[in-house]
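Below is model.txt, which holds compact mmCIF, C-alpha atoms and all ligand atoms.
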# COMPACT_ATOMS: atom_id res chain seq x y z
CA MET N 1 -107.57 -84.97 152.87
CA SER N 2 -107.35 -83.10 156.17
CA SER N 3 -109.99 -85.11 158.04
CA ASP N 4 -109.01 -88.56 156.77
CA SER N 5 -106.57 -90.75 158.68
CA HIS N 6 -106.88 -93.87 156.48
CA THR N 7 -103.52 -94.74 154.97
CA TRP N 8 -103.71 -98.05 153.06
CA ASN N 9 -105.72 -96.45 150.26
CA LEU N 10 -102.83 -94.01 149.85
CA VAL N 11 -100.24 -96.79 149.85
CA PHE N 12 -102.32 -98.71 147.31
CA LEU N 13 -102.47 -95.71 144.96
CA GLN N 14 -98.78 -94.95 145.35
CA LEU N 15 -97.84 -98.52 144.43
CA LEU N 16 -100.34 -98.55 141.57
CA LEU N 17 -98.96 -95.36 140.05
CA GLU N 18 -95.35 -96.39 140.58
CA GLU N 19 -96.06 -99.71 138.85
CA MET N 20 -97.37 -97.64 135.93
CA GLY N 21 -93.97 -95.93 135.83
CA HIS N 22 -94.82 -92.63 137.52
CA ASP N 23 -92.90 -90.80 140.24
CA VAL N 24 -95.11 -90.32 143.28
CA THR N 25 -94.90 -87.94 146.22
CA ASN N 26 -97.22 -89.35 148.88
CA LEU N 27 -98.19 -86.56 151.29
CA GLY N 28 -99.83 -89.08 153.63
CA ALA N 29 -103.02 -88.84 155.66
CA CYS N 30 -104.64 -85.82 157.33
CA VAL N 31 -102.96 -83.34 154.98
CA PRO N 32 -104.10 -79.77 155.75
CA ASP N 33 -105.55 -78.00 152.71
CA GLU N 34 -102.92 -75.27 152.81
CA MET N 35 -100.09 -77.82 152.91
CA LEU N 36 -101.42 -79.60 149.85
CA VAL N 37 -101.73 -76.34 147.94
CA GLN N 38 -98.21 -75.30 148.94
CA GLU N 39 -96.74 -78.66 147.90
CA CYS N 40 -98.52 -78.50 144.54
CA ALA N 41 -97.26 -74.98 143.94
CA ALA N 42 -93.71 -76.07 144.75
CA LEU N 43 -93.61 -79.47 143.01
CA ARG N 44 -95.83 -78.65 139.99
CA PRO N 45 -97.02 -82.27 139.60
CA ASP N 46 -98.49 -83.65 136.39
CA LEU N 47 -101.44 -84.88 138.44
CA VAL N 48 -102.74 -84.63 142.01
CA VAL N 49 -104.62 -87.75 143.17
CA ILE N 50 -106.83 -87.30 146.20
CA SER N 51 -108.00 -90.49 147.94
CA THR N 52 -110.47 -90.42 150.78
CA VAL N 53 -112.60 -93.14 152.34
CA ASN N 54 -113.92 -91.84 155.68
CA GLY N 55 -117.13 -90.46 154.18
CA HIS N 56 -116.26 -86.75 154.34
CA GLY N 57 -114.70 -86.68 150.88
CA HIS N 58 -117.57 -84.95 149.19
CA ALA N 59 -117.62 -82.00 151.58
CA ASP N 60 -113.87 -81.84 152.17
CA GLY N 61 -113.15 -82.21 148.47
CA LYS N 62 -115.24 -79.21 147.49
CA ARG N 63 -113.50 -77.05 150.08
CA LEU N 64 -110.06 -78.27 149.08
CA ILE N 65 -110.41 -77.86 145.34
CA GLY N 66 -111.65 -74.31 145.86
CA LYS N 67 -108.35 -73.48 147.55
CA VAL N 68 -106.33 -75.25 144.85
CA ARG N 69 -108.11 -73.38 142.05
CA ALA N 70 -107.81 -70.05 143.89
CA ARG N 71 -104.01 -70.00 143.68
CA PRO N 72 -102.46 -69.01 140.32
CA GLU N 73 -99.72 -71.67 140.43
CA THR N 74 -102.23 -74.51 140.92
CA ARG N 75 -105.21 -73.11 139.07
CA HIS N 76 -104.73 -75.49 136.13
CA THR N 77 -103.06 -78.42 137.88
CA PRO N 78 -104.99 -81.61 137.02
CA VAL N 79 -106.61 -82.91 140.20
CA VAL N 80 -108.71 -86.07 140.57
CA ILE N 81 -110.47 -87.52 143.60
CA GLY N 82 -111.66 -91.02 144.40
CA GLY N 83 -112.59 -93.46 147.11
CA LYS N 84 -115.60 -93.67 149.40
CA LEU N 85 -116.69 -90.08 148.97
CA GLY N 86 -119.84 -90.17 151.05
CA ILE N 87 -121.56 -92.30 153.65
CA THR N 88 -124.32 -93.77 151.52
CA GLY N 89 -122.13 -96.03 149.36
CA GLY N 90 -122.66 -96.95 145.74
CA THR N 91 -122.60 -94.62 142.78
CA GLN N 92 -123.19 -91.03 143.83
CA ALA N 93 -123.71 -89.22 140.57
CA THR N 94 -124.89 -85.97 142.15
CA ALA N 95 -121.92 -85.76 144.49
CA SER N 96 -119.59 -86.56 141.62
CA HIS N 97 -121.13 -83.87 139.46
CA GLU N 98 -120.75 -81.30 142.23
CA LEU N 99 -117.08 -82.20 142.67
CA VAL N 100 -116.42 -81.80 138.94
CA MET N 101 -118.27 -78.50 138.90
CA ALA N 102 -116.19 -77.38 141.89
CA GLY N 103 -113.01 -77.94 139.89
CA PHE N 104 -111.92 -81.59 139.92
CA ASP N 105 -110.88 -82.97 136.54
CA ALA N 106 -112.34 -86.41 137.26
CA VAL N 107 -114.05 -88.35 140.02
CA PHE N 108 -113.48 -92.09 140.48
CA GLN N 109 -115.95 -94.25 142.30
CA ASP N 110 -114.92 -96.67 145.02
CA ASP N 111 -114.92 -99.74 142.80
CA ALA N 112 -113.36 -98.10 139.75
CA ASP N 113 -111.06 -100.27 137.69
CA PRO N 114 -107.56 -99.12 138.73
CA ALA N 115 -106.67 -99.05 135.02
CA ALA N 116 -109.12 -96.15 134.64
CA LEU N 117 -106.70 -93.91 136.52
CA GLY N 118 -103.94 -94.96 134.12
CA ARG N 119 -106.13 -94.19 131.14
CA PHE N 120 -106.87 -90.76 132.58
CA LEU N 121 -103.15 -90.14 133.10
CA ASP N 122 -102.50 -91.03 129.49
CA THR N 123 -104.73 -88.12 128.42
CA LEU N 124 -102.65 -85.54 130.29
CA GLU N 125 -100.04 -83.21 128.93
CA PRO N 126 -96.78 -82.84 130.89
CA ALA N 127 -96.87 -80.21 133.65
CA PRO N 128 -95.65 -76.74 132.55
CA ASN N 129 -92.34 -77.08 134.42
CA THR N 130 -91.43 -80.11 132.32
CA ARG N 131 -92.24 -78.50 128.98
CA GLU N 132 -89.64 -77.42 126.49
CA PRO N 133 -89.34 -73.63 126.14
CA GLY N 134 -91.89 -72.34 123.66
CA GLN N 135 -94.07 -75.41 123.88
CA ASP N 136 -97.79 -74.63 124.15
CA VAL N 137 -99.43 -74.87 127.55
CA LEU N 138 -102.66 -76.82 127.62
CA GLU N 139 -105.24 -75.31 129.92
CA ARG N 140 -107.44 -77.79 131.70
CA GLY N 141 -110.72 -77.37 133.51
CA PRO N 142 -114.00 -79.16 134.19
CA ASP N 143 -114.95 -78.74 130.53
CA VAL N 144 -112.19 -81.11 129.42
CA LEU N 145 -113.44 -84.02 131.54
CA GLU N 146 -113.55 -87.11 129.38
CA PRO N 147 -114.90 -89.81 131.65
CA GLY N 148 -114.27 -93.43 130.80
CA PRO N 149 -116.57 -96.25 131.84
CA ASP N 150 -115.20 -96.28 135.38
CA VAL N 151 -115.34 -92.55 135.94
CA LEU N 152 -118.54 -91.14 137.31
CA GLU N 153 -120.12 -88.93 134.71
CA PRO N 154 -121.53 -85.59 135.85
CA ALA N 155 -125.28 -85.71 136.35
CA SER N 156 -127.26 -83.98 133.61
C1 LIG N 201 -108.61 -99.90 158.50
C2 LIG N 201 -109.80 -98.95 158.64
C3 LIG N 201 -109.68 -97.91 159.57
C4 LIG N 201 -108.41 -97.64 160.37
C5 LIG N 201 -107.41 -96.92 159.44
C6 LIG N 201 -105.97 -97.26 159.81
C7 LIG N 201 -105.01 -96.80 158.76
N1 LIG N 201 -103.81 -96.54 159.20
O1 LIG N 201 -105.33 -96.67 157.61
C8 LIG N 201 -108.96 -96.76 161.53
C9 LIG N 201 -109.34 -97.63 162.71
C10 LIG N 201 -108.03 -95.64 162.03
C11 LIG N 201 -110.24 -96.21 160.91
C12 LIG N 201 -110.87 -95.05 161.36
C13 LIG N 201 -112.10 -94.63 160.89
N2 LIG N 201 -112.87 -95.24 159.97
CO1 LIG N 201 -112.27 -96.73 158.89
N3 LIG N 201 -112.01 -98.33 157.98
C14 LIG N 201 -110.99 -99.14 157.89
C15 LIG N 201 -111.35 -100.33 156.95
C16 LIG N 201 -111.66 -101.52 157.86
C17 LIG N 201 -110.30 -100.73 155.93
C18 LIG N 201 -109.75 -99.56 155.09
C19 LIG N 201 -108.55 -100.04 154.30
O2 LIG N 201 -107.41 -99.90 154.73
N4 LIG N 201 -108.82 -100.61 153.10
C20 LIG N 201 -107.73 -101.06 152.19
C21 LIG N 201 -107.50 -99.99 151.10
C22 LIG N 201 -106.35 -100.45 150.17
O3 LIG N 201 -108.68 -99.97 150.30
P1 LIG N 201 -109.77 -98.80 150.38
O4 LIG N 201 -109.47 -97.87 151.48
O5 LIG N 201 -111.12 -99.42 150.37
O6 LIG N 201 -109.54 -98.03 149.00
C23 LIG N 201 -109.87 -98.71 147.80
C24 LIG N 201 -110.93 -97.98 146.99
O7 LIG N 201 -111.71 -97.09 147.77
C25 LIG N 201 -110.18 -97.32 145.89
N5 LIG N 201 -109.80 -95.93 146.05
C26 LIG N 201 -109.62 -95.24 147.20
N6 LIG N 201 -109.24 -94.01 146.93
C27 LIG N 201 -109.16 -93.90 145.57
C28 LIG N 201 -108.78 -92.81 144.79
C29 LIG N 201 -108.75 -92.99 143.39
C30 LIG N 201 -108.34 -91.81 142.53
C31 LIG N 201 -109.11 -94.23 142.82
C32 LIG N 201 -109.05 -94.41 141.33
C33 LIG N 201 -109.49 -95.30 143.63
C34 LIG N 201 -109.50 -95.11 145.01
O8 LIG N 201 -108.99 -98.05 145.71
C35 LIG N 201 -108.65 -98.75 146.93
C36 LIG N 201 -108.26 -100.15 146.55
O9 LIG N 201 -109.33 -100.82 145.92
C37 LIG N 201 -112.63 -99.78 156.23
C38 LIG N 201 -113.69 -100.83 155.92
C39 LIG N 201 -113.32 -101.64 154.73
N7 LIG N 201 -113.38 -102.92 154.87
O10 LIG N 201 -112.99 -101.07 153.66
C40 LIG N 201 -113.16 -98.77 157.25
C41 LIG N 201 -113.94 -97.56 156.76
C42 LIG N 201 -113.22 -96.94 155.57
N8 LIG N 201 -113.86 -96.66 157.90
C43 LIG N 201 -114.95 -96.00 158.09
C44 LIG N 201 -115.16 -95.05 159.12
C45 LIG N 201 -116.55 -94.46 159.25
C46 LIG N 201 -114.13 -94.68 159.97
C47 LIG N 201 -114.22 -93.68 161.13
C48 LIG N 201 -115.03 -92.40 160.85
C49 LIG N 201 -114.78 -94.44 162.34
C50 LIG N 201 -115.04 -93.60 163.59
N9 LIG N 201 -116.32 -93.40 163.89
O11 LIG N 201 -114.09 -93.14 164.20
C51 LIG N 201 -112.74 -93.37 161.40
C52 LIG N 201 -112.29 -92.18 160.55
C53 LIG N 201 -110.96 -91.68 160.97
C54 LIG N 201 -110.57 -90.51 160.11
N10 LIG N 201 -110.35 -89.37 160.75
O12 LIG N 201 -110.49 -90.62 158.90
C55 LIG N 201 -116.00 -96.35 157.08
C56 LIG N 201 -116.26 -95.26 156.03
C57 LIG N 201 -117.74 -95.19 155.71
C58 LIG N 201 -118.09 -94.53 154.40
N11 LIG N 201 -117.22 -93.82 153.73
O13 LIG N 201 -119.20 -94.71 153.99
C59 LIG N 201 -115.47 -97.72 156.53
C60 LIG N 201 -115.85 -98.01 155.07
C61 LIG N 201 -116.06 -98.81 157.46
C62 LIG N 201 -117.57 -98.94 157.35
N12 LIG N 201 -118.08 -99.86 156.54
O14 LIG N 201 -118.30 -98.20 157.94
N13 LIG N 201 -110.65 -96.98 159.88

As structure tokens:
Amino acid sequence: MSSDSHTWNLVFLQLLLEEMGHDVTNLGACVPDEMLVQECAALRPDLVVISTVNGHGHADGKRLIGKVRARPETRHTPVVIGGKLGITGGTQATASHELVMAGFDAVFQDDADPAALGRFLDTLEPAPNTREPGQDVLERGPDVLEPGPDVLEPAS
């Protein structure tokens, strides 16, 4: 996230995902929105994981996902966000709902069980660039959010 200079959350997630057997490209801290979109368009990842803890995540996340969803190459890329998304702490159902409505596929609260991210990954189809020719492309969007017990559910 462009405003966030915290790095150990990113290292933690990289190690977690690598232990689960996934290849990870860690773009690091303070990533400009445009750079993230460009990298996603070039790498075509199976999943983009945004981690932010400085308290600006709610606002920055909505801006960022708008740019991701605006570009054809990244319009359907699965993107999740987690961490300390605001400055009030605790479960922030309204903020989570707004992030999902803005285009995130899932929102993880600060104290989410790390296994919840793995379970979410297990629900994903391979990215289009890894599909066999002729294989169907699954389109994803906010309507396919299937939150587990550690994923904040959108507010009703
Ligand atoms: C170290 C630290 C710093 C260092 C960072 C150095 C570095 N290279 O990373 C420095 C001094 C630079 C710093 C700066 C600031 N910090 Co600071 N920082 C911390 C501190 C003490 C530890 C963070 C850390 O490394 N934790 C270890 C990692 C592994 O854990 P984590 O970040 O908590 O992430 C966990 C979860 O959130 C979760 N998670 C995170 N992301 C995701 C994503 C997904 C998808 C999932 C599933 C889970 C998940 O998993 C992680 C492991 O459990 C915390 C307080 C604390 N004790 O947590 C404050 C803290 C994060 N900082 C805070 C603040 C406010 C700031 C500053 C704004 C302070 C200021 N006024 O300048 C600046 C912001 C700078 C910026 N532009 O971003 C606040 C954020 C408040 C909030 N969100 O409500 C905290 C919580 C301190 C506090 N209690 O007020 N900080």

**OP:** Output the neighbourhood of ligand LIG 201 (chain N) as a ChimeraX atom specification, that is, all protein and nucleic acid residues with some atom at most 9 Å from the ligand, counting only C-alpha atoms and all ligand atoms.
**Re:** /N:1-13,29-30,49-57,80-89,106-118,150-151

Subject >> Atom-to-atom span, atom CA of Arg71 of chain N and atom CA of His97 of chain N, Å >> reply: 22.4 Å

Give the padded box for segment 21-29 of chain N as AutoDock Vina command-line options: axis-aligned, covering all atoms listed in the file, 5 Å on each side, centre and edge lengths in Å to one decimal.
--center_x -98.0 --center_y -91.2 --center_z 145.7 --size_x 20.1 --size_y 19.4 --size_z 29.8

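Of the listed residues N:Leu64, N:Ala95, N:Val100, N:Leu121, the one whose atoms come nearest to Glu34 of chain N is N:Leu64, with distances taken using all atoms listed in the file.
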
Subject >> Nearest candidate to Glu73 of chain N (options N:Cys40, N:Val48, N:Ala102, N:Ala93; using all atoms listed in the file) >> reply: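 Checking each of N:Cys40, N:Val48, N:Ala102, N:Ala93 against Glu73 of chain N, counting all atoms listed in the file, the winner is N:Cys40.
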
Subject >> Two-atom distance - atom CA of Glu98 of chain N, atom CA of Arg69 of chain N (Å) >> reply: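 These atoms are spaced 14.9 Å apart.
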
Subject >> Neighbour list for Val37 of chain N as a PyMOL selection string, cut-off 8 Å, all atoms listed in the file, skip fewer than 5 positions in-chain >> reply: chain N and resi 67-68+71+74

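Distance-wise, atom CA of Glu125 of chain N and atom CA of Asp46 of chain N end up 7.6 Å apart.
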
Original post:
Which of these residues is nearest to Lys62 of chain N, using only C-alpha atoms: N:Pro78, N:Pro45, N:Gly103, N:Gly21?
Top reply: N:Gly103

Original post:
From the set N:Ile65, N:Ala41, N:Leu47, N:Ala70, which residue has the shortest atom-to-atom contact distance to Thr123 of chain N, counting only C-alpha atoms?
Top reply: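 Using only C-alpha atoms, the shortest distance to Thr123 of chain N belongs to N:Leu47.
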